[in-house]
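Next up, data-v8.cif (mmCIF, C-alpha atoms):
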```cif
data_my_file
loop_
_atom_site.group_PDB
_atom_site.id
_atom_site.type_symbol
_atom_site.label_atom_id
_atom_site.label_comp_id
_atom_site.auth_asym_id
_atom_site.auth_seq_id
_atom_site.Cartn_x
_atom_site.Cartn_y
_atom_site.Cartn_z
ATOM 1 C CA MET G 1087 0.000 0.000 0.000
ATOM 2 C CA ALA G 1088 1.359 3.396 -0.930
ATOM 3 C CA LEU G 1089 2.285 5.805 1.843
ATOM 4 C CA THR G 1090 -0.021 8.803 1.723
ATOM 5 C CA ILE G 1091 -0.351 11.916 3.827
ATOM 6 C CA ASP G 1092 -3.892 13.120 4.355
ATOM 7 C CA LEU G 1093 -4.319 16.361 6.292
ATOM 8 C CA SER G 1094 -8.070 16.563 5.733
ATOM 9 C CA GLY G 1095 -9.790 18.170 8.699
ATOM 10 C CA LYS G 1096 -6.615 20.002 9.711
ATOM 11 C CA ILE G 1097 -6.417 23.803 9.697
ATOM 12 C CA ALA G 1098 -3.107 25.525 8.978
ATOM 13 C CA LEU G 1099 -2.084 29.153 9.341
ATOM 14 C CA ILE G 1100 0.723 30.038 6.938
ATOM 15 C CA THR G 1101 2.369 33.455 6.986
ATOM 16 C CA GLY G 1102 3.955 35.190 4.001
ATOM 17 C CA VAL G 1103 1.794 33.356 1.454
ATOM 18 C CA THR G 1104 1.646 35.866 -1.390
ATOM 19 C CA SER G 1105 4.836 34.685 -3.104
ATOM 20 C CA GLY G 1106 7.791 32.333 -3.076
ATOM 21 C CA ILE G 1107 8.132 29.631 -0.448
ATOM 22 C CA GLY G 1108 4.990 30.664 1.433
ATOM 23 C CA LEU G 1109 2.803 30.235 -1.632
ATOM 24 C CA GLY G 1110 4.452 26.893 -2.391
ATOM 25 C CA ILE G 1111 3.803 25.655 1.148
ATOM 26 C CA ALA G 1112 0.160 26.726 0.944
ATOM 27 C CA LYS G 1113 -0.328 24.788 -2.293
ATOM 28 C CA MET G 1114 1.239 21.595 -0.951
ATOM 29 C CA MET G 1115 -0.735 21.774 2.298
ATOM 30 C CA ALA G 1116 -3.962 22.242 0.322
ATOM 31 C CA LYS G 1117 -2.994 19.358 -1.963
ATOM 32 C CA ALA G 1118 -2.850 17.193 1.179
ATOM 33 C CA GLY G 1119 -6.417 18.275 2.004
ATOM 34 C CA CYS G 1120 -5.591 20.843 4.671
ATOM 35 C CA THR G 1121 -7.678 23.984 5.129
ATOM 36 C CA VAL G 1122 -5.269 26.871 4.500
ATOM 37 C CA ILE G 1123 -5.465 30.245 6.211
ATOM 38 C CA GLY G 1124 -2.934 32.486 4.523
ATOM 39 C CA CYS G 1125 -1.745 35.854 5.711
ATOM 40 C CA ALA G 1126 0.649 38.568 4.644
ATOM 41 C CA GLU G 1127 1.050 42.313 5.130
ATOM 42 C CA HIS G 1128 -0.921 43.121 1.962
ATOM 43 C CA SER G 1129 -4.578 44.121 1.940
ATOM 44 C CA GLU G 1130 -7.197 41.467 1.202
ATOM 45 C CA VAL G 1131 -8.122 43.342 -2.002
ATOM 46 C CA SER G 1132 -4.529 43.770 -3.206
ATOM 47 C CA ASP G 1133 -3.398 42.135 -6.435
ATOM 48 C CA VAL G 1134 -0.991 39.805 -4.620
ATOM 49 C CA ALA G 1135 -3.652 38.633 -2.150
ATOM 50 C CA GLN G 1136 -6.103 38.009 -4.975
ATOM 51 C CA HIS G 1137 -3.374 36.159 -6.899
ATOM 52 C CA PHE G 1138 -2.869 33.889 -3.880
ATOM 53 C CA LEU G 1139 -6.576 33.116 -3.659
ATOM 54 C CA SER G 1140 -6.742 32.530 -7.409
ATOM 55 C CA GLU G 1141 -3.792 30.120 -7.304
ATOM 56 C CA MET G 1142 -5.458 28.135 -4.511
ATOM 57 C CA LYS G 1143 -8.745 27.622 -6.367
ATOM 58 C CA SER G 1144 -7.425 24.569 -8.191
ATOM 59 C CA PHE G 1145 -7.195 22.639 -4.913
ATOM 60 C CA ASP G 1146 -10.155 20.930 -3.304
ATOM 61 C CA ALA G 1147 -9.509 22.516 0.083
ATOM 62 C CA PRO G 1148 -10.969 25.614 1.776
ATOM 63 C CA THR G 1149 -8.728 28.687 1.659
ATOM 64 C CA ASP G 1150 -8.879 32.012 3.467
ATOM 65 C CA TYR G 1151 -6.696 35.102 3.610
ATOM 66 C CA PHE G 1152 -6.092 37.730 6.289
ATOM 67 C CA LYS G 1153 -3.982 40.878 6.292
ATOM 68 C CA ALA G 1154 -1.510 40.972 9.184
ATOM 69 C CA ASP G 1155 1.867 42.591 9.815
ATOM 70 C CA MET G 1156 4.011 40.116 11.748
ATOM 71 C CA THR G 1157 5.976 42.940 13.391
ATOM 72 C CA SER G 1158 2.785 44.208 15.055
ATOM 73 C CA THR G 1159 1.647 42.509 18.258
ATOM 74 C CA GLU G 1160 -1.794 44.059 17.796
ATOM 75 C CA ASN G 1161 -2.082 42.679 14.258
ATOM 76 C CA ILE G 1162 -1.058 39.209 15.417
ATOM 77 C CA GLU G 1163 -3.532 39.176 18.290
ATOM 78 C CA THR G 1164 -6.340 40.326 15.976
ATOM 79 C CA LEU G 1165 -5.418 37.643 13.428
ATOM 80 C CA VAL G 1166 -5.484 34.848 16.004
ATOM 81 C CA ALA G 1167 -8.763 36.127 17.485
ATOM 82 C CA ASP G 1168 -10.337 36.119 14.013
ATOM 83 C CA ILE G 1169 -9.150 32.547 13.402
ATOM 84 C CA SER G 1170 -10.550 31.462 16.767
ATOM 85 C CA ASN G 1171 -13.900 33.101 16.040
ATOM 86 C CA ASP G 1172 -14.174 31.880 12.441
ATOM 87 C CA TYR G 1173 -12.712 28.376 12.758
ATOM 88 C CA GLY G 1174 -12.636 27.529 16.458
ATOM 89 C CA LYS G 1175 -9.340 25.696 16.226
ATOM 90 C CA LEU G 1176 -5.860 25.586 14.721
ATOM 91 C CA ASP G 1177 -3.742 22.497 14.063
ATOM 92 C CA ILE G 1178 -0.669 23.768 12.227
ATOM 93 C CA LEU G 1179 1.265 27.023 12.260
ATOM 94 C CA VAL G 1180 3.828 27.593 9.512
ATOM 95 C CA SER G 1181 5.685 30.713 10.633
ATOM 96 C CA ASN G 1182 7.250 31.586 7.304
ATOM 97 C CA ALA G 1183 7.207 35.389 6.912
ATOM 98 C CA GLY G 1184 10.625 37.037 6.781
ATOM 99 C CA GLN G 1185 12.902 39.215 4.702
ATOM 100 C CA ASN G 1186 16.582 39.215 3.784
ATOM 101 C CA VAL G 1187 18.532 41.936 5.575
ATOM 102 C CA PHE G 1188 22.051 41.707 4.177
ATOM 103 C CA LYS G 1189 23.905 44.756 5.466
ATOM 104 C CA GLY G 1190 27.110 43.399 6.932
ATOM 105 C CA LEU G 1191 28.147 44.269 10.456
ATOM 106 C CA GLU G 1192 29.908 47.503 9.532
ATOM 107 C CA ASN G 1193 27.087 48.954 7.416
ATOM 108 C CA CYS G 1194 24.202 47.737 9.574
ATOM 109 C CA SER G 1195 22.427 50.684 11.186
ATOM 110 C CA GLU G 1196 20.462 50.571 14.424
ATOM 111 C CA ASN G 1197 17.238 50.666 12.393
ATOM 112 C CA ASP G 1198 18.421 47.810 10.150
ATOM 113 C CA TRP G 1199 19.346 45.750 13.198
ATOM 114 C CA GLN G 1200 16.041 46.319 14.970
ATOM 115 C CA PHE G 1201 13.892 45.691 11.880
ATOM 116 C CA ASN G 1202 15.760 42.475 11.187
ATOM 117 C CA LEU G 1203 15.346 41.161 14.737
ATOM 118 C CA ASP G 1204 11.709 42.231 14.859
ATOM 119 C CA LEU G 1205 10.672 40.474 11.642
ATOM 120 C CA ASN G 1206 13.092 37.556 11.400
ATOM 121 C CA LEU G 1207 13.171 36.546 15.083
ATOM 122 C CA SER G 1208 10.765 38.270 17.465
ATOM 123 C CA ALA G 1209 7.762 37.933 15.136
ATOM 124 C CA HIS G 1210 8.067 34.136 15.203
ATOM 125 C CA TRP G 1211 7.995 34.151 19.015
ATOM 126 C CA ARG G 1212 5.054 36.568 19.161
ATOM 127 C CA LEU G 1213 2.999 34.547 16.684
ATOM 128 C CA ALA G 1214 3.745 31.216 18.373
ATOM 129 C CA LYS G 1215 2.830 32.672 21.755
ATOM 130 C CA SER G 1216 -0.473 34.015 20.442
ATOM 131 C CA CYS G 1217 -1.349 30.696 18.767
ATOM 132 C CA ARG G 1218 -0.317 28.522 21.718
ATOM 133 C CA SER G 1219 -3.770 28.052 23.223
ATOM 134 C CA LEU G 1220 -5.396 27.044 19.926
ATOM 135 C CA LEU G 1221 -2.541 24.711 18.993
ATOM 136 C CA SER G 1222 -2.197 22.976 22.355
ATOM 137 C CA ALA G 1223 -5.895 22.110 22.344
ATOM 138 C CA ASN G 1224 -5.283 19.945 19.250
ATOM 139 C CA ASN G 1225 -1.738 18.658 19.833
ATOM 140 C CA GLY G 1226 -0.667 21.075 17.139
ATOM 141 C CA VAL G 1227 2.539 21.625 15.225
ATOM 142 C CA ILE G 1228 4.646 24.759 14.818
ATOM 143 C CA ILE G 1229 6.963 24.906 11.804
ATOM 144 C CA VAL G 1230 9.426 27.794 11.875
ATOM 145 C CA MET G 1231 11.111 28.845 8.630
ATOM 146 C CA ALA G 1232 14.800 29.381 9.305
ATOM 147 C CA SER G 1233 17.552 29.499 6.662
ATOM 148 C CA ASN G 1234 20.803 27.838 5.691
ATOM 149 C CA HIS G 1235 22.323 31.131 6.866
ATOM 150 C CA ALA G 1236 21.847 29.703 10.367
ATOM 151 C CA PHE G 1237 24.368 26.976 9.525
ATOM 152 C CA ALA G 1238 26.894 28.689 7.263
ATOM 153 C CA SER G 1239 28.722 31.947 7.932
ATOM 154 C CA ILE G 1240 28.545 34.060 4.792
ATOM 155 C CA PRO G 1241 30.401 37.418 4.683
ATOM 156 C CA GLY G 1242 28.143 40.473 4.428
ATOM 157 C CA CYS G 1243 24.959 38.646 5.385
ATOM 158 C CA ALA G 1244 24.637 39.962 8.939
ATOM 159 C CA PRO G 1245 22.334 40.745 10.675
ATOM 160 C CA TYR G 1246 20.041 38.296 8.842
ATOM 161 C CA SER G 1247 22.300 35.309 9.539
ATOM 162 C CA ILE G 1248 22.342 36.189 13.237
ATOM 163 C CA ALA G 1249 18.537 36.238 13.503
ATOM 164 C CA LYS G 1250 18.188 32.972 11.595
ATOM 165 C CA THR G 1251 20.768 31.325 13.846
ATOM 166 C CA ALA G 1252 18.764 32.463 16.876
ATOM 167 C CA LEU G 1253 15.639 30.856 15.394
ATOM 168 C CA THR G 1254 17.193 27.419 15.887
ATOM 169 C CA GLY G 1255 17.347 28.224 19.601
ATOM 170 C CA LEU G 1256 13.725 29.353 19.549
ATOM 171 C CA VAL G 1257 12.703 26.039 17.977
ATOM 172 C CA ARG G 1258 14.495 24.111 20.740
ATOM 173 C CA SER G 1259 13.000 26.265 23.506
ATOM 174 C CA LEU G 1260 9.450 26.005 22.164
ATOM 175 C CA ALA G 1261 9.773 22.219 21.914
ATOM 176 C CA ILE G 1262 11.095 21.914 25.471
ATOM 177 C CA GLU G 1263 8.685 24.325 27.150
ATOM 178 C CA TRP G 1264 5.489 23.541 25.214
ATOM 179 C CA GLY G 1265 5.889 19.841 24.491
ATOM 180 C CA PRO G 1266 4.262 17.389 24.346
ATOM 181 C CA ALA G 1267 1.091 19.416 23.706
ATOM 182 C CA ILE G 1268 2.811 21.159 20.782
ATOM 183 C CA ARG G 1269 5.579 19.866 18.542
ATOM 184 C CA THR G 1270 7.962 22.497 17.172
ATOM 185 C CA VAL G 1271 10.322 21.983 14.247
ATOM 186 C CA GLY G 1272 12.306 24.238 11.966
ATOM 187 C CA ILE G 1273 13.154 24.088 8.272
ATOM 188 C CA ALA G 1274 16.280 25.802 6.956
ATOM 189 C CA PRO G 1275 16.106 25.990 3.141
ATOM 190 C CA GLY G 1276 19.088 26.782 0.995
ATOM 191 C CA PHE G 1277 18.956 28.410 -2.427
ATOM 192 C CA ILE G 1278 15.386 27.772 -3.557
ATOM 193 C CA ASP G 1279 14.169 28.315 -7.114
ATOM 194 C CA THR G 1280 11.885 31.318 -6.526
ATOM 195 C CA PRO G 1281 11.234 34.459 -8.612
ATOM 196 C CA GLY G 1282 13.136 36.466 -6.002
ATOM 197 C CA ASN G 1283 16.254 34.361 -6.392
ATOM 198 C CA GLN G 1284 15.930 34.472 -10.159
ATOM 199 C CA GLU G 1285 15.935 38.251 -9.847
ATOM 200 C CA TRP G 1286 19.212 37.923 -7.949
ATOM 201 C CA PHE G 1287 20.660 35.800 -10.768
ATOM 202 C CA ASN G 1288 19.515 38.453 -13.244
ATOM 203 C CA SER G 1289 21.576 41.075 -11.414
ATOM 204 C CA PHE G 1290 24.703 39.457 -12.877
ATOM 205 C CA ALA G 1291 25.933 40.170 -16.366
ATOM 206 C CA ASP G 1292 25.374 36.535 -17.321
ATOM 207 C CA ALA G 1293 22.421 35.243 -15.319
ATOM 208 C CA ASP G 1294 22.579 31.749 -16.802
ATOM 209 C CA GLN G 1295 26.264 31.431 -15.974
ATOM 210 C CA GLU G 1296 25.710 32.532 -12.363
ATOM 211 C CA ARG G 1297 22.816 30.127 -11.991
ATOM 212 C CA ALA G 1298 24.935 27.288 -13.362
ATOM 213 C CA ARG G 1299 27.751 28.165 -10.951
ATOM 214 C CA THR G 1300 25.347 28.105 -8.005
ATOM 215 C CA VAL G 1301 23.897 24.759 -9.093
ATOM 216 C CA ALA G 1302 27.413 23.357 -9.445
ATOM 217 C CA LEU G 1303 28.072 24.130 -5.759
ATOM 218 C CA HIS G 1304 25.282 21.761 -4.704
ATOM 219 C CA PRO G 1305 26.138 18.075 -4.293
ATOM 220 C CA VAL G 1306 22.684 17.263 -5.726
ATOM 221 C CA LYS G 1307 23.378 19.658 -8.640
ATOM 222 C CA LYS G 1308 20.043 21.462 -8.528
ATOM 223 C CA LEU G 1309 18.255 24.272 -6.753
ATOM 224 C CA GLY G 1310 15.544 23.377 -4.299
ATOM 225 C CA THR G 1311 11.945 23.936 -5.343
ATOM 226 C CA ILE G 1312 9.108 25.515 -3.406
ATOM 227 C CA ALA G 1313 7.153 22.263 -3.830
ATOM 228 C CA GLU G 1314 9.954 20.377 -2.063
ATOM 229 C CA ILE G 1315 9.893 22.789 0.883
ATOM 230 C CA GLY G 1316 6.105 22.519 0.927
ATOM 231 C CA GLY G 1317 6.457 18.747 0.945
ATOM 232 C CA TRP G 1318 8.657 18.965 4.036
ATOM 233 C CA CYS G 1319 5.950 21.000 5.753
ATOM 234 C CA VAL G 1320 3.297 18.437 4.857
ATOM 235 C CA PHE G 1321 5.431 15.574 6.183
ATOM 236 C CA LEU G 1322 6.380 17.389 9.390
ATOM 237 C CA SER G 1323 2.697 18.156 9.991
ATOM 238 C CA SER G 1324 1.727 14.515 9.667
ATOM 239 C CA GLU G 1325 1.606 11.527 12.019
ATOM 240 C CA TYR G 1326 4.714 10.172 10.311
ATOM 241 C CA ALA G 1327 6.736 12.955 11.975
ATOM 242 C CA ALA G 1328 5.164 12.579 15.438
ATOM 243 C CA PHE G 1329 8.603 12.002 16.984
ATOM 244 C CA ALA G 1330 10.161 15.098 15.394
ATOM 245 C CA SER G 1331 10.465 18.103 17.697
ATOM 246 C CA GLY G 1332 13.073 20.612 18.792
ATOM 247 C CA VAL G 1333 15.239 20.307 15.690
ATOM 248 C CA THR G 1334 15.772 22.486 12.614
ATOM 249 C CA TYR G 1335 16.210 20.524 9.414
ATOM 250 C CA LEU G 1336 18.779 21.858 6.965
ATOM 251 C CA VAL G 1337 17.369 21.439 3.459
ATOM 252 C CA ASP G 1338 19.895 22.926 1.065
ATOM 253 C CA GLY G 1339 21.285 20.088 -1.023
ATOM 254 C CA GLY G 1340 24.420 19.833 1.126
ATOM 255 C CA ARG G 1341 25.817 23.178 0.045
ATOM 256 C CA SER G 1342 26.239 24.586 3.568
ATOM 257 C CA ALA G 1343 28.450 21.677 4.578
ATOM 258 C CA MET G 1344 30.721 22.399 1.614
ATOM 259 C CA MET G 1345 30.795 26.136 2.383
ATOM 260 C CA GLN G 1346 31.818 25.552 5.982
ATOM 261 C CA ASP G 1347 34.655 23.281 4.879
ATOM 262 C CA SER G 1348 35.943 25.682 2.221
#
```

Is it possible to express this structure as structure tokens?
Amino acid sequence: MALTIDLSGKIALITGVTSGIGLGIAKMMAKAGCTVIGCAEHSEVSDVAQHFLSEMKSFDAPTDYFKADMTSTENIETLVADISNDYGKLDILVSNAGQNVFKGLENCSENDWQFNLDLNLSAHWRLAKSCRSLLSANNGVIIVMASNHAFASIPGCAPYSIAKTALTGLVRSLAIEWGPAIRTVGIAPGFIDTPGNQEWFNSFADADQERARTVALHPVKKLGTIAEIGGWCVFLSSEYAAFASGVTYLVDGGRSAMMQDS
């Protein structure tokens, strides 16, 4: 009998769903039958929010969208209250929203530092704390989106790398303090094939050459896909991962290991 993952009846909140990895996670969760509640900082009537809802129509799973700024405690509390009122429960939280802040230590201003910590670290704690009651009532799962920057020191990528490294500690602490009622795991993707990363490739004189060079640095000789990261989220949300908690999984094709050795 084939191994299948069925998340029917489960409700997942996924942040940062209007593009990239967040959108890919939402699609894979819906494909597994999960009800998806997406959120991002954009208005419900914005083009990107409507694009998200349009993309989700092809899946036979209910989908909703809320506007919420993850750096605002008030926004987070309102979001969770709305979910509680509208759905009455929450099974899965995928805390995905974040933004690259590559300033380097010398050029990082106080504002850069604070914004980075607020969005890429503190927001994950605030959201988890607000969702705790709903999640614990259903033996829920928290999935925190970290980065391979937490495992490989890359020049010029502070303060982002610092915040993502701290997220691995947050994952451990949440698992220890809130288990067994809530499992907490992290995912640390590497270079994923998203429009944003393609834009980065396009910043070079020869985009195809730079892409090929990046691919060559991966032992698996390919970039990760958003569907693959979404697949990890589906698996970690399932009964097959019931023993997984307190760990952040590095999913970058082995590139970070090579970078640390070089």

Enumerate, as number ranges by chain, the residues matched when the PyMOL selection byres ((chain G and resi 1151-1167) around 9) is run on the file above.
G: 1101, 1103, 1122-1130, 1135, 1138-1139, 1149-1150, 1168-1172, 1183-1184, 1201, 1204-1205, 1208-1210, 1212-1213, 1216-1217, 1220

Work out how far apart atom CA of Phe1277 of chain G and atom CA of Thr1251 of chain G are and give it in Å to one decimal.
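Atom CA of Thr1251 of chain G lies at a distance of 16.6 Å from atom CA of Phe1277 of chain G.
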
Counting all atoms listed in the file, closest pick from G:Val1257, G:Leu1089, G:Ile1178, G:Leu1203 relative to Met1231 of chain G is G:Val1257

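In this comparison, which uses all atoms listed in the file, the residue of G:Gly1272, G:Gly1340, G:Gly1119, G:Gly1317 approaching Pro1148 of chain G most closely is G:Gly1119.
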
I need the residue set behind the PyMOL selection byres ((chain G and resi 1333-1335) around 8) for this file; please write it as a short mmCIF file (atom, residue, chain, number, x, y, z; two decimals) with C-alpha atoms, keeping the file's coordinate frame.
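Once written, selection-v2.cif looks like this:
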```cif
data_model
loop_
_atom_site.label_atom_id
_atom_site.label_comp_id
_atom_site.auth_asym_id
_atom_site.auth_seq_id
_atom_site.Cartn_x
_atom_site.Cartn_y
_atom_site.Cartn_z
CA ALA G 1232 14.80 29.38 9.30
CA THR G 1254 17.19 27.42 15.89
CA VAL G 1257 12.70 26.04 17.98
CA ARG G 1258 14.50 24.11 20.74
CA THR G 1270 7.96 22.50 17.17
CA VAL G 1271 10.32 21.98 14.25
CA GLY G 1272 12.31 24.24 11.97
CA ILE G 1273 13.15 24.09 8.27
CA ALA G 1274 16.28 25.80 6.96
CA ALA G 1330 10.16 15.10 15.39
CA SER G 1331 10.46 18.10 17.70
CA GLY G 1332 13.07 20.61 18.79
CA LEU G 1336 18.78 21.86 6.96
CA VAL G 1337 17.37 21.44 3.46
#
```

Shell of 12 Å around Asp1338 of chain G, only C-alpha atoms, local chain residues under 4 positions omitted, as a PyMOL selection string
chain G and resi 1232-1238+1273-1279+1300-1301+1303-1312+1314-1315+1342-1345

Spatial neighbours of segment 1189-1197 of chain G, max dist 9 Å, only C-alpha atoms, sep filter under 2 positions, as a ChimeraX atom specification:
/G:1187,1199-1202,1241-1246

Just to confirm, what's the straight-line distance from atom CA of Ala1313 of chain G to atom CA of Ile1111 of chain G in Å (one decimal)?
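Atom-to-atom, atom CA of Ala1313 of chain G to atom CA of Ile1111 of chain G, that is 6.9 Å.
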
Reference answer for the PyMOL selection byres ((chain G and resi 1297) around 10), as an MDAnalysis selection string
chainID G and resid 1283:1284 1286:1288 1290 1292:1296 1298:1302 1308:1309

All heavy atoms restored at segment 1120-1129 of chain G, emitted as a CSV table (one decimal), keeping the file's coordinate frame:
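Writing the result to part.csv gives the following:
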```csv
chain,number,residue,atom,x,y,z
G,1120,CYS,N,-5.5,19.9,3.5
G,1120,CYS,CA,-5.6,20.8,4.7
G,1120,CYS,C,-6.3,22.2,4.3
G,1120,CYS,O,-6.1,22.7,3.2
G,1120,CYS,CB,-4.2,21.1,5.1
G,1120,CYS,SG,-4.0,22.0,6.7
G,1121,THR,N,-7.1,22.6,5.3
G,1121,THR,CA,-7.7,24.0,5.1
G,1121,THR,C,-6.6,25.0,5.4
G,1121,THR,O,-5.8,24.9,6.4
G,1121,THR,CB,-8.8,24.2,6.2
G,1121,THR,OG1,-9.9,23.4,5.9
G,1121,THR,CG2,-9.3,25.7,6.1
G,1122,VAL,N,-6.4,25.9,4.4
G,1122,VAL,CA,-5.3,26.9,4.5
G,1122,VAL,C,-5.8,28.3,4.8
G,1122,VAL,O,-6.6,28.8,4.1
G,1122,VAL,CB,-4.5,26.9,3.2
G,1122,VAL,CG1,-3.5,28.0,3.2
G,1122,VAL,CG2,-3.8,25.6,2.9
G,1123,ILE,N,-5.2,28.8,5.9
G,1123,ILE,CA,-5.5,30.2,6.2
G,1123,ILE,C,-4.2,31.0,5.9
G,1123,ILE,O,-3.2,30.8,6.6
G,1123,ILE,CB,-5.9,30.4,7.7
G,1123,ILE,CG1,-7.1,29.6,8.0
G,1123,ILE,CG2,-6.1,31.9,8.0
G,1123,ILE,CD1,-7.4,29.6,9.5
G,1124,GLY,N,-4.1,31.8,4.9
G,1124,GLY,CA,-2.9,32.5,4.5
G,1124,GLY,C,-3.0,33.9,5.1
G,1124,GLY,O,-4.0,34.5,5.3
G,1125,CYS,N,-1.8,34.4,5.3
G,1125,CYS,CA,-1.7,35.9,5.7
G,1125,CYS,C,-0.5,36.5,5.2
G,1125,CYS,O,0.6,35.8,5.0
G,1125,CYS,CB,-1.9,36.0,7.2
G,1125,CYS,SG,-0.4,35.9,8.2
G,1126,ALA,N,-0.5,37.8,5.0
G,1126,ALA,CA,0.6,38.6,4.6
G,1126,ALA,C,0.3,40.0,5.0
G,1126,ALA,O,-0.8,40.3,5.4
G,1126,ALA,CB,1.0,38.4,3.2
G,1127,GLU,N,1.3,40.9,4.8
G,1127,GLU,CA,1.0,42.3,5.1
G,1127,GLU,C,0.2,43.1,4.1
G,1127,GLU,O,-0.2,44.2,4.4
G,1127,GLU,CB,2.4,43.0,5.3
G,1127,GLU,CG,3.2,43.0,4.0
G,1127,GLU,CD,4.6,43.7,4.2
G,1127,GLU,OE1,4.7,44.4,5.2
G,1127,GLU,OE2,5.4,43.6,3.3
G,1128,HIS,N,-0.1,42.5,3.0
G,1128,HIS,CA,-0.9,43.1,2.0
G,1128,HIS,C,-2.4,43.1,2.2
G,1128,HIS,O,-2.9,42.1,2.8
G,1128,HIS,CB,-0.6,42.5,0.6
G,1128,HIS,CG,0.8,42.3,0.3
G,1128,HIS,ND1,1.6,43.4,-0.1
G,1128,HIS,CD2,1.7,41.3,0.4
G,1128,HIS,CE1,2.9,43.0,-0.3
G,1128,HIS,NE2,2.9,41.7,0.0
G,1129,SER,N,-3.1,44.1,1.8
G,1129,SER,CA,-4.6,44.1,1.9
G,1129,SER,C,-5.3,42.9,1.3
G,1129,SER,O,-4.8,42.4,0.3
G,1129,SER,CB,-5.1,45.4,1.3
G,1129,SER,OG,-6.5,45.4,1.1
```
